[in-house]
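Below is the file protein_30.pdb, which contains PDB, C-alpha atoms.
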```
ATOM      1  CA  MET A 387       4.823   1.353  -1.240  1.00  0.00           C
ATOM      2  CA  GLY A 388       5.569  -1.469  -3.650  1.00  0.00           C
ATOM      3  CA  ALA A 389       8.772  -2.339  -5.502  1.00  0.00           C
ATOM      4  CA  GLU A 390      10.884   0.367  -7.106  1.00  0.00           C
ATOM      5  CA  ALA A 391      13.826   0.486  -9.488  1.00  0.00           C
ATOM      6  CA  ILE A 392      16.062   3.040 -11.160  1.00  0.00           C
ATOM      7  CA  CYS A 393      15.864   2.194 -14.858  1.00  0.00           C
ATOM      8  CA  SER A 394      15.382   3.607 -18.342  1.00  0.00           C
ATOM      9  CA  VAL A 395      12.107   3.659 -20.243  1.00  0.00           C
ATOM     10  CA  THR A 396      11.456   3.899 -23.959  1.00  0.00           C
ATOM     11  CA  PHE A 397       8.131   5.511 -24.825  1.00  0.00           C
ATOM     12  CA  GLY A 398       7.509   6.814 -28.322  1.00  0.00           C
ATOM     13  CA  ARG A 399      10.622   8.741 -29.353  1.00  0.00           C
ATOM     14  CA  LYS A 400      11.757   9.237 -25.768  1.00  0.00           C
ATOM     15  CA  HIS A 401      14.348   7.117 -23.982  1.00  0.00           C
ATOM     16  CA  VAL A 402      14.961   8.456 -20.480  1.00  0.00           C
ATOM     17  CA  GLU A 403      16.328   7.476 -17.069  1.00  0.00           C
ATOM     18  CA  GLY A 404      14.152   7.660 -13.998  1.00  0.00           C
ATOM     19  CA  LYS A 405      12.427   5.748 -11.212  1.00  0.00           C
ATOM     20  CA  ALA A 406       9.872   2.993 -11.833  1.00  0.00           C
ATOM     21  CA  LEU A 407       7.414   2.072  -9.091  1.00  0.00           C
ATOM     22  CA  LEU A 408       5.280  -1.057  -9.017  1.00  0.00           C
ATOM     23  CA  GLU A 409       2.336  -0.173  -6.807  1.00  0.00           C
ATOM     24  CA  THR A 410      -0.719  -2.170  -5.740  1.00  0.00           C
ATOM     25  CA  SER A 411      -2.730  -1.473  -8.890  1.00  0.00           C
ATOM     26  CA  GLU A 412      -0.558   0.609 -11.220  1.00  0.00           C
ATOM     27  CA  LEU A 413       2.887   0.897 -12.791  1.00  0.00           C
ATOM     28  CA  ILE A 414       4.473   4.332 -12.428  1.00  0.00           C
ATOM     29  CA  PHE A 415       7.516   5.980 -13.992  1.00  0.00           C
ATOM     30  CA  ARG A 416       8.907   9.340 -12.914  1.00  0.00           C
ATOM     31  CA  SER A 417      11.612  11.466 -14.493  1.00  0.00           C
ATOM     32  CA  PRO A 418      11.935  15.158 -15.377  1.00  0.00           C
ATOM     33  CA  GLU A 419      11.293  14.306 -19.041  1.00  0.00           C
ATOM     34  CA  LEU A 420       8.564  11.684 -18.705  1.00  0.00           C
ATOM     35  CA  ARG A 421       5.879  10.717 -16.204  1.00  0.00           C
ATOM     36  CA  LEU A 422       3.692   7.646 -16.638  1.00  0.00           C
ATOM     37  CA  ALA A 423       0.963   6.132 -14.487  1.00  0.00           C
ATOM     38  CA  ILE A 424      -0.400   2.931 -16.012  1.00  0.00           C
ATOM     39  CA  PRO A 425      -3.279   1.233 -14.118  1.00  0.00           C
ATOM     40  CA  PHE A 426      -3.075  -2.553 -14.408  1.00  0.00           C
ATOM     41  CA  SER A 427      -6.659  -2.486 -15.705  1.00  0.00           C
ATOM     42  CA  ASP A 428      -5.526  -0.405 -18.728  1.00  0.00           C
ATOM     43  CA  ILE A 429      -2.775  -2.810 -19.795  1.00  0.00           C
ATOM     44  CA  LYS A 430      -3.670  -4.516 -23.081  1.00  0.00           C
ATOM     45  CA  LYS A 431      -0.509  -6.569 -23.550  1.00  0.00           C
ATOM     46  CA  LEU A 432       2.410  -7.431 -21.291  1.00  0.00           C
ATOM     47  CA  THR A 433       5.576  -9.219 -22.407  1.00  0.00           C
ATOM     48  CA  VAL A 434       9.128  -9.788 -21.186  1.00  0.00           C
ATOM     49  CA  ASN A 435      12.039  -9.886 -23.611  1.00  0.00           C
ATOM     50  CA  GLY A 436      15.663 -10.009 -22.508  1.00  0.00           C
ATOM     51  CA  GLY A 437      15.287  -7.943 -19.368  1.00  0.00           C
ATOM     52  CA  LYS A 438      12.743  -5.602 -20.918  1.00  0.00           C
ATOM     53  CA  LEU A 439       9.199  -5.300 -19.604  1.00  0.00           C
ATOM     54  CA  ILE A 440       7.056  -4.233 -22.559  1.00  0.00           C
ATOM     55  CA  VAL A 441       3.723  -2.702 -21.584  1.00  0.00           C
ATOM     56  CA  SER A 442       1.062  -1.802 -24.150  1.00  0.00           C
ATOM     57  CA  PHE A 443      -1.812   0.373 -22.974  1.00  0.00           C
ATOM     58  CA  ASP A 444      -4.262   2.909 -24.407  1.00  0.00           C
ATOM     59  CA  LYS A 445      -1.635   5.653 -24.838  1.00  0.00           C
ATOM     60  CA  GLY A 446       0.996   3.491 -26.534  1.00  0.00           C
ATOM     61  CA  THR A 447       3.758   1.051 -25.608  1.00  0.00           C
ATOM     62  CA  ALA A 448       6.308   1.657 -22.859  1.00  0.00           C
ATOM     63  CA  THR A 449       9.429  -0.499 -22.554  1.00  0.00           C
ATOM     64  CA  PHE A 450      10.902  -0.682 -19.057  1.00  0.00           C
ATOM     65  CA  HIS A 451      14.565  -1.762 -19.088  1.00  0.00           C
ATOM     66  CA  LEU A 452      14.536  -3.619 -15.765  1.00  0.00           C
ATOM     67  CA  GLY A 453      17.102  -6.361 -16.342  1.00  0.00           C
ATOM     68  CA  LEU A 454      16.675  -9.357 -14.022  1.00  0.00           C
ATOM     69  CA  ARG A 455      13.674  -7.762 -12.329  1.00  0.00           C
ATOM     70  CA  ALA A 456      11.521  -7.806 -15.465  1.00  0.00           C
ATOM     71  CA  PRO A 457      10.054 -11.347 -15.042  1.00  0.00           C
ATOM     72  CA  SER A 458       9.090 -10.840 -11.382  1.00  0.00           C
ATOM     73  CA  TRP A 459       7.469  -7.473 -12.115  1.00  0.00           C
ATOM     74  CA  ALA A 460       5.470  -9.069 -14.925  1.00  0.00           C
ATOM     75  CA  ASP A 461       4.272 -11.801 -12.549  1.00  0.00           C
ATOM     76  CA  LYS A 462       3.173  -9.217  -9.962  1.00  0.00           C
ATOM     77  CA  ILE A 463       1.245  -7.267 -12.595  1.00  0.00           C
ATOM     78  CA  ARG A 464      -0.465 -10.398 -13.909  1.00  0.00           C
ATOM     79  CA  LYS A 465      -1.251 -11.716 -10.421  1.00  0.00           C
ATOM     80  CA  PRO A 466      -1.441  -8.714  -8.079  1.00  0.00           C
ATOM     81  CA  LYS A 467      -1.770  -9.331  -4.353  1.00  0.00           C
ATOM     82  CA  SER A 468      -5.139  -8.648  -2.794  1.00  0.00           C
ATOM     83  CA  LEU A 469      -5.457  -5.719  -0.391  1.00  0.00           C
ATOM     84  CA  LEU A 470      -5.722  -8.114   2.562  1.00  0.00           C
ATOM     85  CA  ASP A 471      -2.478  -9.780   1.480  1.00  0.00           C
ATOM     86  CA  LYS A 472      -0.844  -6.353   1.236  1.00  0.00           C
ATOM     87  CA  LEU A 473      -2.003  -5.595   4.764  1.00  0.00           C
ATOM     88  CA  GLY A 474      -0.650  -8.910   6.024  1.00  0.00           C
ATOM     89  CA  VAL A 475      -3.973 -10.081   7.478  1.00  0.00           C
ATOM     90  CA  LYS A 476      -4.080 -13.829   8.193  1.00  0.00           C
ATOM     91  CA  PRO A 477      -7.084 -16.025   9.094  1.00  0.00           C
ATOM     92  CA  GLU A 478      -5.665 -16.791  12.532  1.00  0.00           C
ATOM     93  CA  HIS A 479      -5.200 -13.136  13.464  1.00  0.00           C
ATOM     94  CA  ARG A 480      -7.206 -11.323  16.124  1.00  0.00           C
ATOM     95  CA  VAL A 481      -8.449  -8.314  14.152  1.00  0.00           C
ATOM     96  CA  CYS A 482     -10.561  -5.275  14.896  1.00  0.00           C
ATOM     97  CA  THR A 483     -11.722  -2.374  12.745  1.00  0.00           C
ATOM     98  CA  ILE A 484     -12.354   1.125  14.036  1.00  0.00           C
ATOM     99  CA  LYS A 485     -14.316   3.647  11.921  1.00  0.00           C
ATOM    100  CA  ILE A 486     -13.760   1.809   8.628  1.00  0.00           C
ATOM    101  CA  LYS A 487     -16.505   2.903   6.212  1.00  0.00           C
ATOM    102  CA  ASP A 488     -15.581   0.786   3.169  1.00  0.00           C
ATOM    103  CA  ALA A 489     -18.328  -1.867   3.272  1.00  0.00           C
ATOM    104  CA  ASP A 490     -16.801  -4.044   0.528  1.00  0.00           C
ATOM    105  CA  PHE A 491     -13.487  -4.170   2.368  1.00  0.00           C
ATOM    106  CA  VAL A 492     -15.204  -5.171   5.611  1.00  0.00           C
ATOM    107  CA  VAL A 493     -17.043  -7.993   3.819  1.00  0.00           C
ATOM    108  CA  ASP A 494     -13.768  -9.316   2.355  1.00  0.00           C
ATOM    109  CA  LEU A 495     -12.094  -9.012   5.747  1.00  0.00           C
ATOM    110  CA  LYS A 496     -14.833 -10.997   7.495  1.00  0.00           C
ATOM    111  CA  LEU A 497     -14.587 -13.736   4.875  1.00  0.00           C
ATOM    112  CA  ARG A 498     -10.907 -14.134   5.738  1.00  0.00           C
ATOM    113  CA  VAL A 499     -11.205 -13.557   9.491  1.00  0.00           C
ATOM    114  CA  PRO A 500     -14.711 -14.557  10.659  1.00  0.00           C
ATOM    115  CA  GLY A 501     -14.214 -13.185  14.173  1.00  0.00           C
ATOM    116  CA  VAL A 502     -13.458  -9.577  13.225  1.00  0.00           C
ATOM    117  CA  ALA A 503     -14.434  -7.143  15.992  1.00  0.00           C
ATOM    118  CA  VAL A 504     -15.891  -3.725  15.184  1.00  0.00           C
ATOM    119  CA  ARG A 505     -14.742  -2.234  18.484  1.00  0.00           C
ATOM    120  CA  LEU A 506     -11.410  -2.001  20.236  1.00  0.00           C
ATOM    121  CA  VAL A 507     -10.189  -5.310  21.685  1.00  0.00           C
ATOM    122  CA  ARG A 508      -7.084  -6.101  23.709  1.00  0.00           C
ATOM    123  CA  ASP A 509      -4.171  -8.194  22.459  1.00  0.00           C
ATOM    124  CA  ALA A 510      -5.055  -7.580  18.820  1.00  0.00           C
ATOM    125  CA  ASP A 511      -2.748  -8.772  16.061  1.00  0.00           C
ATOM    126  CA  VAL A 512      -4.137  -6.184  13.659  1.00  0.00           C
ATOM    127  CA  ILE A 513      -6.099  -2.966  14.154  1.00  0.00           C
ATOM    128  CA  ILE A 514      -7.422  -1.220  11.042  1.00  0.00           C
ATOM    129  CA  PHE A 515      -8.276   2.334  11.992  1.00  0.00           C
ATOM    130  CA  GLY A 516     -10.046   4.938   9.870  1.00  0.00           C
ATOM    131  CA  ALA A 517      -9.033   8.545  10.549  1.00  0.00           C
ATOM    132  CA  GLU A 518     -10.675  11.277   8.492  1.00  0.00           C
ATOM    133  CA  THR A 519      -9.028  14.231  10.260  1.00  0.00           C
ATOM    134  CA  GLN A 520      -5.751  14.960  12.016  1.00  0.00           C
ATOM    135  CA  ALA A 521      -7.664  15.174  15.297  1.00  0.00           C
ATOM    136  CA  ASP A 522      -8.878  11.567  14.873  1.00  0.00           C
ATOM    137  CA  LEU A 523      -5.254  10.407  15.080  1.00  0.00           C
ATOM    138  CA  SER A 524      -5.184  11.245  18.789  1.00  0.00           C
ATOM    139  CA  ARG A 525      -6.791   7.834  19.299  1.00  0.00           C
ATOM    140  CA  LEU A 526      -3.538   6.131  18.291  1.00  0.00           C
ATOM    141  CA  ARG A 527      -2.443   6.265  21.932  1.00  0.00           C
ATOM    142  CA  ASP A 528      -5.257   3.892  22.962  1.00  0.00           C
ATOM    143  CA  LEU A 529      -4.661   1.657  19.948  1.00  0.00           C
ATOM    144  CA  ARG A 530      -0.944   1.380  20.699  1.00  0.00           C
ATOM    145  CA  TYR A 531      -1.727  -0.284  24.047  1.00  0.00           C
ATOM    146  CA  ALA A 532      -4.352  -2.602  22.542  1.00  0.00           C
ATOM    147  CA  ILE A 533      -2.061  -4.484  20.137  1.00  0.00           C
ATOM    148  CA  LYS A 534       0.219  -7.384  20.952  1.00  0.00           C
ATOM    149  CA  PRO A 535       3.935  -6.522  21.195  1.00  0.00           C
ATOM    150  CA  ASP A 536       4.423  -7.724  17.609  1.00  0.00           C
ATOM    151  CA  GLY A 537       1.028  -6.492  16.396  1.00  0.00           C
ATOM    152  CA  MET A 538       0.301  -3.838  13.801  1.00  0.00           C
ATOM    153  CA  ILE A 539      -1.936  -0.807  13.379  1.00  0.00           C
ATOM    154  CA  TRP A 540      -3.013   0.310   9.906  1.00  0.00           C
ATOM    155  CA  THR A 541      -4.242   3.901   9.749  1.00  0.00           C
ATOM    156  CA  VAL A 542      -6.563   4.498   6.797  1.00  0.00           C
ATOM    157  CA  THR A 543      -6.646   8.177   5.850  1.00  0.00           C
ATOM    158  CA  PRO A 544      -7.988  10.235   2.921  1.00  0.00           C
ATOM    159  CA  LYS A 545      -5.475  11.224   0.277  1.00  0.00           C
ATOM    160  CA  GLY A 546      -5.266  14.059  -2.187  1.00  0.00           C
ATOM    161  CA  LYS A 547      -6.462  17.620  -1.695  1.00  0.00           C
ATOM    162  CA  GLY A 548      -8.154  17.971   1.675  1.00  0.00           C
ATOM    163  CA  GLY A 549      -6.693  14.709   2.979  1.00  0.00           C
ATOM    164  CA  ILE A 550      -4.309  14.181   5.871  1.00  0.00           C
ATOM    165  CA  LYS A 551      -0.660  14.696   5.020  1.00  0.00           C
ATOM    166  CA  GLU A 552       1.469  11.584   5.397  1.00  0.00           C
ATOM    167  CA  ALA A 553       3.940  13.526   7.532  1.00  0.00           C
ATOM    168  CA  GLY A 554       1.135  14.327   9.962  1.00  0.00           C
ATOM    169  CA  VAL A 555       0.141  10.680  10.264  1.00  0.00           C
ATOM    170  CA  MET A 556       3.745   9.645  10.864  1.00  0.00           C
ATOM    171  CA  ALA A 557       4.208  12.333  13.508  1.00  0.00           C
ATOM    172  CA  ALA A 558       1.053  11.213  15.336  1.00  0.00           C
ATOM    173  CA  GLY A 559       2.327   7.648  15.492  1.00  0.00           C
ATOM    174  CA  LYS A 560       5.799   8.667  16.610  1.00  0.00           C
ATOM    175  CA  ALA A 561       4.309  10.770  19.407  1.00  0.00           C
ATOM    176  CA  VAL A 562       2.799   7.667  21.030  1.00  0.00           C
ATOM    177  CA  GLY A 563       5.831   5.408  20.603  1.00  0.00           C
ATOM    178  CA  LEU A 564       5.052   3.812  17.247  1.00  0.00           C
ATOM    179  CA  VAL A 565       7.176   3.554  14.110  1.00  0.00           C
ATOM    180  CA  ASP A 566       5.830   3.580  10.546  1.00  0.00           C
ATOM    181  CA  VAL A 567       7.110   0.740   8.377  1.00  0.00           C
ATOM    182  CA  LYS A 568       4.927   0.460   5.277  1.00  0.00           C
ATOM    183  CA  VAL A 569       2.462   2.296   3.045  1.00  0.00           C
ATOM    184  CA  ALA A 570      -0.265   0.647   0.955  1.00  0.00           C
ATOM    185  CA  ALA A 571      -2.945   1.974  -1.369  1.00  0.00           C
ATOM    186  CA  PHE A 572      -6.222   1.206   0.428  1.00  0.00           C
ATOM    187  CA  SER A 573      -8.576   2.527  -2.242  1.00  0.00           C
ATOM    188  CA  SER A 574      -8.804   5.234  -4.879  1.00  0.00           C
ATOM    189  CA  THR A 575      -9.554   7.761  -2.131  1.00  0.00           C
ATOM    190  CA  HIS A 576      -7.649   6.453   0.899  1.00  0.00           C
ATOM    191  CA  THR A 577      -4.156   5.320   1.779  1.00  0.00           C
ATOM    192  CA  ALA A 578      -3.008   3.028   4.590  1.00  0.00           C
ATOM    193  CA  LEU A 579       0.077   3.453   6.774  1.00  0.00           C
ATOM    194  CA  LYS A 580       1.358   0.624   8.951  1.00  0.00           C
ATOM    195  CA  PHE A 581       2.613   1.262  12.490  1.00  0.00           C
ATOM    196  CA  VAL A 582       4.340  -1.163  14.846  1.00  0.00           C
ATOM    197  CA  ILE A 583       5.961  -0.951  18.265  1.00  0.00           C
ATOM    198  CA  PRO A 584       9.751  -0.596  17.902  1.00  0.00           C
ATOM    199  CA  LYS A 585      11.542  -3.889  18.657  1.00  0.00           C
ATOM    200  CA  ALA A 586      13.512  -2.298  21.473  1.00  0.00           C
ATOM    201  CA  MET A 587      10.232  -1.448  23.281  1.00  0.00           C
ATOM    202  CA  ARG A 588       8.449  -4.795  22.937  1.00  0.00           C
TER     203      ARG A 588
END
```
Write-out of the structure in structure tokens:
Amino acid sequence: MGAEAICSVTFGRKHVEGKALLETSELIFRSPELRLAIPFSDIKKLTVNGGKLIVSFDKGTATFHLGLRAPSWADKIRKPKSLLDKLGVKPEHRVCTIKIKDADFVVDLKLRVPGVAVRLVRDADVIIFGAETQADLSRLRDLRYAIKPDGMIWTVTPKGKGGIKEAGVMAAGKAVGLVDVKVAAFSSTHTALKFVIPKAMR
């Protein structure tokens, strides 16, 4: 999950309070009276004026009253982090991928980390693990003992109808002594959940 803020939004004749979320590739607003999901790619104009983030897109103009946060949110929309940055993957990391089917992602990953392994390796800094079913998550036990004490495991699971419920992924990690600390949008069809070993157990 990205940044979030309780704020008001003006859209058309509506001016309502709710929660704004700045995700990897879209700006979201949720309230009982108004729900917006604005992909960055649909934004035609973006300005900041006195604590207001003014977003023009194909359905109109929405003004987010964010106060001091407005400039930083504008910067993040204009220059969004790459997926690899969101996942915290660094060139010096020892990385392996397990059952990751997104070919474009794998190409980008290998450009950043030339020595990426496509099988399980010991003392990994990062394991990126694709799980298409709840049963696949049983492999987390093996992965937990393959990472360094301060390493991380990203589970990549399908979202939406027919996907794996986030609660199920979290429960599978907890069952093998892992704690979930972050969620990131992996693609339009998959989400990624980050697990680490609790500090007290390292």
Worksheet entry | Chain and number of each residue from the PyMOL selection byres ((chain A and resi 546-555) around 9), as a list in words | Ala517, Glu518, Thr519, Gln520, Leu523, Thr541, Thr543, Pro544, Lys545, Met556, Ala557, Ala558, Gly559, Lys560, Thr575, His576 and Leu579 of chain A
Give me the result of the PyMOL selection byres ((chain A and resi 480) around 6) on this file, residue by residue, as a PDB file with C-alpha atoms, in the coordinates of the input.
```
ATOM      1  CA  HIS A 479      -5.200 -13.136  13.464  1.00  0.00           C
ATOM      2  CA  VAL A 481      -8.449  -8.314  14.152  1.00  0.00           C
ATOM      3  CA  ALA A 510      -5.055  -7.580  18.820  1.00  0.00           C
ATOM      4  CA  ASP A 511      -2.748  -8.772  16.061  1.00  0.00           C
TER       5      ASP A 511
END
```
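In this structure, CA of Ser442 in chain A sits 18.3 Å away from CA of Arg455 in chain A.
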Discussion item. Measuring between only C-alpha atoms, which one of A:Ile424, A:Phe572, A:Ile486, A:Ala521 shows the shortest distance to Leu470 in chain A?
Written reply: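 For Leu470 in chain A, the nearest of the given residues is A:Phe572.
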Fill in: Closest of A:Ile484, A:Leu469, A:Leu529, A:Leu495 to Val569 in chain A - atom-to-atom distances counting all atoms listed in the file
A:Leu469
Discussion item. What does the structure give for the distance between CA of Ser458 in chain A and CA of Thr410 in chain A, in Å to one decimal?
Written reply: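 Pair CA of Ser458 in chain A / CA of Thr410 in chain A returns 14.3 Å.
The residues returned by the PyMOL selection byres ((chain A and resi 565) around 6) for this structure are A:Lys560, A:Leu564, A:Asp566, A:Phe581, A:Val582.
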Item to complete: Please identify all polymer residues within 6 Å of range 429-441 of chain A, counting only C-alpha atoms, omitting same-chain residues fewer than 2 positions from it, and present them as a ChimeraX atom specification.
Response: /A:426-427,443,447-454,456
Could those selected residues go to a file with C-alpha atoms, as a PDB file, keeping the file's coordinate frame?
```pdb
ATOM      1  CA  PHE A 426      -3.075  -2.553 -14.408  1.00  0.00           C
ATOM      2  CA  SER A 427      -6.659  -2.486 -15.705  1.00  0.00           C
ATOM      3  CA  PHE A 443      -1.812   0.373 -22.974  1.00  0.00           C
ATOM      4  CA  THR A 447       3.758   1.051 -25.608  1.00  0.00           C
ATOM      5  CA  ALA A 448       6.308   1.657 -22.859  1.00  0.00           C
ATOM      6  CA  THR A 449       9.429  -0.499 -22.554  1.00  0.00           C
ATOM      7  CA  PHE A 450      10.902  -0.682 -19.057  1.00  0.00           C
ATOM      8  CA  HIS A 451      14.565  -1.762 -19.088  1.00  0.00           C
ATOM      9  CA  LEU A 452      14.536  -3.619 -15.765  1.00  0.00           C
ATOM     10  CA  GLY A 453      17.102  -6.361 -16.342  1.00  0.00           C
ATOM     11  CA  LEU A 454      16.675  -9.357 -14.022  1.00  0.00           C
ATOM     12  CA  ALA A 456      11.521  -7.806 -15.465  1.00  0.00           C
TER      13      ALA A 456
END
```
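Computed from the coordinates, the CA of Thr483 in chain A to CA of Asp536 in chain A distance equals 17.7 Å.
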Worksheet item: Using only C-alpha atoms, which of A:Glu390, A:Val542, A:Asp488, A:Pro477 sits nearest Gly516 in chain A?
Response: A:Val542
Where atoms are absent from range 475-502 of chain A, fill them in so it carries N, CA and C atoms, then output it as a CSV table (one decimal), in the coordinates of the input.
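Here's the written file rebuild_0.csv:
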```csv
chain,number,residue,atom,x,y,z
A,475,VAL,N,-2.9,-9.5,6.6
A,475,VAL,CA,-4.0,-10.1,7.5
A,475,VAL,C,-4.1,-11.6,7.2
A,476,LYS,N,-4.0,-12.4,8.3
A,476,LYS,CA,-4.1,-13.8,8.2
A,476,LYS,C,-5.3,-14.3,8.9
A,477,PRO,N,-5.8,-15.5,8.5
A,477,PRO,CA,-7.1,-16.0,9.1
A,477,PRO,C,-7.0,-16.2,10.6
A,478,GLU,N,-5.8,-16.5,11.1
A,478,GLU,CA,-5.7,-16.8,12.5
A,478,GLU,C,-5.5,-15.5,13.4
A,479,HIS,N,-5.4,-14.4,12.7
A,479,HIS,CA,-5.2,-13.1,13.5
A,479,HIS,C,-6.4,-12.7,14.3
A,480,ARG,N,-6.2,-12.0,15.4
A,480,ARG,CA,-7.2,-11.3,16.1
A,480,ARG,C,-7.3,-9.9,15.6
A,481,VAL,N,-8.4,-9.6,14.9
A,481,VAL,CA,-8.4,-8.3,14.2
A,481,VAL,C,-9.6,-7.5,14.6
A,482,CYS,N,-9.4,-6.2,14.7
A,482,CYS,CA,-10.6,-5.3,14.9
A,482,CYS,C,-10.5,-4.1,13.9
A,483,THR,N,-11.6,-3.6,13.6
A,483,THR,CA,-11.7,-2.4,12.7
A,483,THR,C,-12.4,-1.2,13.5
A,484,ILE,N,-11.8,-0.1,13.4
A,484,ILE,CA,-12.4,1.1,14.0
A,484,ILE,C,-12.6,2.2,13.0
A,485,LYS,N,-13.9,2.6,12.8
A,485,LYS,CA,-14.3,3.6,11.9
A,485,LYS,C,-13.9,3.4,10.5
A,486,ILE,N,-14.0,2.1,10.0
A,486,ILE,CA,-13.8,1.8,8.6
A,486,ILE,C,-15.1,1.8,7.9
A,487,LYS,N,-15.2,2.7,6.9
A,487,LYS,CA,-16.5,2.9,6.2
A,487,LYS,C,-16.6,2.1,4.9
A,488,ASP,N,-15.6,1.5,4.4
A,488,ASP,CA,-15.6,0.8,3.2
A,488,ASP,C,-16.3,-0.6,3.4
A,489,ALA,N,-17.5,-0.7,3.0
A,489,ALA,CA,-18.3,-1.9,3.3
A,489,ALA,C,-17.8,-3.1,2.5
A,490,ASP,N,-17.3,-2.9,1.3
A,490,ASP,CA,-16.8,-4.0,0.5
A,490,ASP,C,-15.5,-4.6,1.2
A,491,PHE,N,-14.7,-3.7,1.7
A,491,PHE,CA,-13.5,-4.2,2.4
A,491,PHE,C,-13.8,-5.0,3.6
A,492,VAL,N,-14.8,-4.5,4.4
A,492,VAL,CA,-15.2,-5.2,5.6
A,492,VAL,C,-15.8,-6.6,5.3
A,493,VAL,N,-16.5,-6.7,4.2
A,493,VAL,CA,-17.0,-8.0,3.8
A,493,VAL,C,-15.9,-8.9,3.5
A,494,ASP,N,-14.9,-8.5,2.7
A,494,ASP,CA,-13.8,-9.3,2.4
A,494,ASP,C,-13.0,-9.7,3.6
A,495,LEU,N,-12.8,-8.8,4.5
A,495,LEU,CA,-12.1,-9.0,5.7
A,495,LEU,C,-12.8,-10.1,6.6
A,496,LYS,N,-14.1,-10.0,6.7
A,496,LYS,CA,-14.8,-11.0,7.5
A,496,LYS,C,-14.8,-12.4,6.9
A,497,LEU,N,-14.7,-12.4,5.5
A,497,LEU,CA,-14.6,-13.7,4.9
A,497,LEU,C,-13.3,-14.4,5.2
A,498,ARG,N,-12.2,-13.6,5.4
A,498,ARG,CA,-10.9,-14.1,5.7
A,498,ARG,C,-10.8,-14.4,7.2
A,499,VAL,N,-11.3,-13.5,8.0
A,499,VAL,CA,-11.2,-13.6,9.5
A,499,VAL,C,-12.6,-13.5,10.1
A,500,PRO,N,-13.3,-14.6,10.2
A,500,PRO,CA,-14.7,-14.6,10.7
A,500,PRO,C,-15.0,-13.8,12.0
A,501,GLY,N,-14.0,-13.8,12.9
A,501,GLY,CA,-14.2,-13.2,14.2
A,501,GLY,C,-13.8,-11.7,14.3
A,502,VAL,N,-13.9,-11.0,13.2
A,502,VAL,CA,-13.5,-9.6,13.2
A,502,VAL,C,-14.3,-8.8,14.2
```
